[in-house]
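Heads up: the structure comes next, in C-alpha cells.
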Amino acid sequence: MRLILLGPPGAGKGTQAQRLVQKHGIVQLSTGEMLRAAVAAQTAVGLKAKDIMASGGLVPDEIVIGIISDRLDQPDAVKGFILDGFPRTVPQAEALDELLKNKHIKLDAVVELRVNESALLQRVETRVAEMRARGEDVRIDDTPEVLAKRLASYRSLTEPLIHYYSERRKLLTVDGMMTIEEVTREINRILAAIGAVEARAARRADVAKRTAKEAKSGARKGVKKAASKAGTGKAAKAASGKAAKKATKGAGAAKKPAKASQKAGKTASKAKKSAGKASASSRARAAAKTRKAAKKVTKKRAKR
C-alpha cells in the first residue's frame, strides 16, 4: 500500500499514519525525519541539506525529492509507505509523480482528512486552557495563534493538491471530525475497497494474458496444421503427377503395338488383294488357253 495523507494541522494525520503502519506493515515517511536522518548519515543529499538547514533556509524541493528517492530504495519500503507532510505544493506533487514513475512505483491513494477549521481552533483553545489549568507547560507551536497561521499556509499552499489529485482520480476524502476510531474504520474501509478493485483488475489482466497466450498458441498450431496439410497436398499432387506420367508412358507403350498391329493388318489386306488379283489373272489365262485349244480342234474337224 502506497499512500499520501493530506489534511490541515491538527487533523490527526500522525495518529492515523501510525495505525496504518501497524496494520499494513508499511513505513511512515516524514520529510523532517528523513532530512535529519540523511544529515546524520552524511549522505550526498544530506550534506547539501545540512548547510541549508544550518543557515536557516528552506531545503529546495530537488533535495527533498532526492532524500525521498534514497529512502524508497531501502528494503523496508518495499511493502509500501505513507508520505506524511509531503508533498505540500503542486510542484512537489509533480516532482513526486515523476520520481515514482521512474521507479515504476504506483501511488494507490491520497487520503484527505477533511476538518472544520473553526472546530480545530476551538479544540486547541480548550486543550490549552485545560493544560494551563493543570499548571502544565504549553508548547509554543500548540496555540490558537500559531495554528491559525499554519491553517492559512495550508489553504494557500497545500489545499490546491486536493484538486490536483482529484483530477488524477487518486483522492479519497474522509471526515476528520469523527472520532479517532471512526476515522480509522473509514480509512480501512476505503483502502479495502481499493484493494478489492485492484485484485479484480489483476485477475482480469491475468485472464486476458492467459487468453492471449492460448490464442497465440492456437494460432501457431493452426499454422503448423495448415502447413502440414499443404505439405500433404503437395505430396499427393506429386504422387498423382508421377502416376499420371507412368500411365501416359504405359498408354504410349500400349499404343505402339496397336499401331504395329494396325499396320500389319493393312499389309495383310494389301497382300490379300494382290493375291486375289493374281488368282483372277491366272484363271483368265487358263480360260484363254482352253478357248484357243478348242478352236484348233474345231478347225481340224472342219478340214476332214
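Chains: A, B, ... in order of the C-alpha cells. Residues: from 1 per chain. Ligands: from 1, in order shown.
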Range 130-143 of chain A: which residues within 12 Å, counting only C-alpha atoms, same-chain residues fewer than 5 positions away excluded, as an mmCIF file with N, CA, C and O atoms, in the first residue's frame?
```cif
data_model
loop_
_atom_site.group_PDB
_atom_site.id
_atom_site.type_symbol
_atom_site.label_atom_id
_atom_site.label_comp_id
_atom_site.auth_asym_id
_atom_site.auth_seq_id
_atom_site.Cartn_x
_atom_site.Cartn_y
_atom_site.Cartn_z
ATOM 1 N N PRO A 9 -3.127 21.078 9.749
ATOM 2 C CA PRO A 9 -2.577 20.781 11.078
ATOM 3 C C PRO A 9 -3.703 20.477 12.063
ATOM 4 O O PRO A 9 -4.738 21.153 12.067
ATOM 5 N N GLY A 10 -3.496 19.454 12.855
ATOM 6 C CA GLY A 10 -4.488 19.093 13.858
ATOM 7 C C GLY A 10 -5.563 18.154 13.351
ATOM 8 O O GLY A 10 -6.489 17.803 14.086
ATOM 9 N N LEU A 120 -11.356 23.034 14.836
ATOM 10 C CA LEU A 120 -9.965 22.766 15.219
ATOM 11 C C LEU A 120 -9.450 23.840 16.177
ATOM 12 O O LEU A 120 -8.794 23.536 17.180
ATOM 13 N N LEU A 121 -9.707 25.085 15.846
ATOM 14 C CA LEU A 121 -9.259 26.181 16.703
ATOM 15 C C LEU A 121 -9.896 26.086 18.094
ATOM 16 O O LEU A 121 -9.240 26.327 19.111
ATOM 17 N N GLN A 122 -11.179 25.698 18.117
ATOM 18 C CA GLN A 122 -11.863 25.540 19.392
ATOM 19 C C GLN A 122 -11.234 24.428 20.209
ATOM 20 O O GLN A 122 -11.063 24.546 21.431
ATOM 21 N N ARG A 123 -10.869 23.319 19.527
ATOM 22 C CA ARG A 123 -10.219 22.196 20.220
ATOM 23 C C ARG A 123 -8.915 22.649 20.863
ATOM 24 O O ARG A 123 -8.611 22.300 22.015
ATOM 25 N N VAL A 124 -8.106 23.387 20.100
ATOM 26 C CA VAL A 124 -6.810 23.826 20.602
ATOM 27 C C VAL A 124 -6.992 24.784 21.784
ATOM 28 O O VAL A 124 -6.294 24.680 22.804
ATOM 29 N N GLU A 125 -7.923 25.666 21.633
ATOM 30 C CA GLU A 125 -8.173 26.612 22.724
ATOM 31 C C GLU A 125 -8.586 25.881 24.003
ATOM 32 O O GLU A 125 -8.107 26.196 25.105
ATOM 33 N N ALA A 148 -3.651 29.133 13.682
ATOM 34 C CA ALA A 148 -4.324 29.965 12.679
ATOM 35 C C ALA A 148 -3.372 30.283 11.518
ATOM 36 O O ALA A 148 -3.766 30.259 10.343
ATOM 37 N N LYS A 149 -2.106 30.576 11.828
ATOM 38 C CA LYS A 149 -1.117 30.845 10.772
ATOM 39 C C LYS A 149 -0.852 29.599 9.926
ATOM 40 O O LYS A 149 -0.736 29.684 8.693
ATOM 41 N N ARG A 150 -0.756 28.465 10.587
ATOM 42 C CA ARG A 150 -0.489 27.203 9.871
ATOM 43 C C ARG A 150 -1.670 26.830 8.963
ATOM 44 O O ARG A 150 -1.486 26.317 7.861
#
```
Who sits within 10 Å of Asp76 in chain A, only C-alpha atoms, same chain under 5 positions skipped, as an MDAnalysis selection string: chainID A and resid 25:27 71 81
Residue among A:Met1, A:Met53, A:Thr158, A:Asp73 lying closest to Gln92 in chain A, counting only C-alpha atoms: A:Thr158
I'd like to know which residues of range 116-239 of chain A are strand (DSSP E) (by DSSP, run on the backbone); could you write them as a list of chain:residue names?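 For range 116-239 of chain A, the strand (DSSP E) set is A:Leu171, A:Leu172, A:Thr173, A:Val174, A:Asp175.
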Which residue, A:Gly218, A:Leu151, A:Val115, A:Ser69, has the smallest gap to Asp97 in chain A when you use only C-alpha atoms?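 Counting only C-alpha atoms, the residue closest to Asp97 in chain A is A:Ser69.
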All residues 9 Å or closer to Glu159 in chain A, only C-alpha atoms, same chain fewer than 5 positions away omitted, as a ChimeraX atom specification: /A:6-8,88-89,154
By how many Å are CA of Leu100 in chain A and CA of Thr31 in chain A apart?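 Between CA of Leu100 in chain A and CA of Thr31 in chain A the gap is 16.1 Å.
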As a list in words, please: the residues near Ile190 in chain A (cut-off 10 Å, only C-alpha atoms, same-chain neighbours under 6 positions excluded).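 Final neighbour list, sorted by chain and number: Ala109, Val111, Leu172, Thr173, Val174 and Ala196 of chain A.
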Could you go through range 122-242 of chain A and tell me which residues DSSP, when run on the backbone, assigns to helix (DSSP H, G or I), listing them as a VMD selection string? chain A and resid 122 to 133 144 to 158 160 to 167 180 to 242
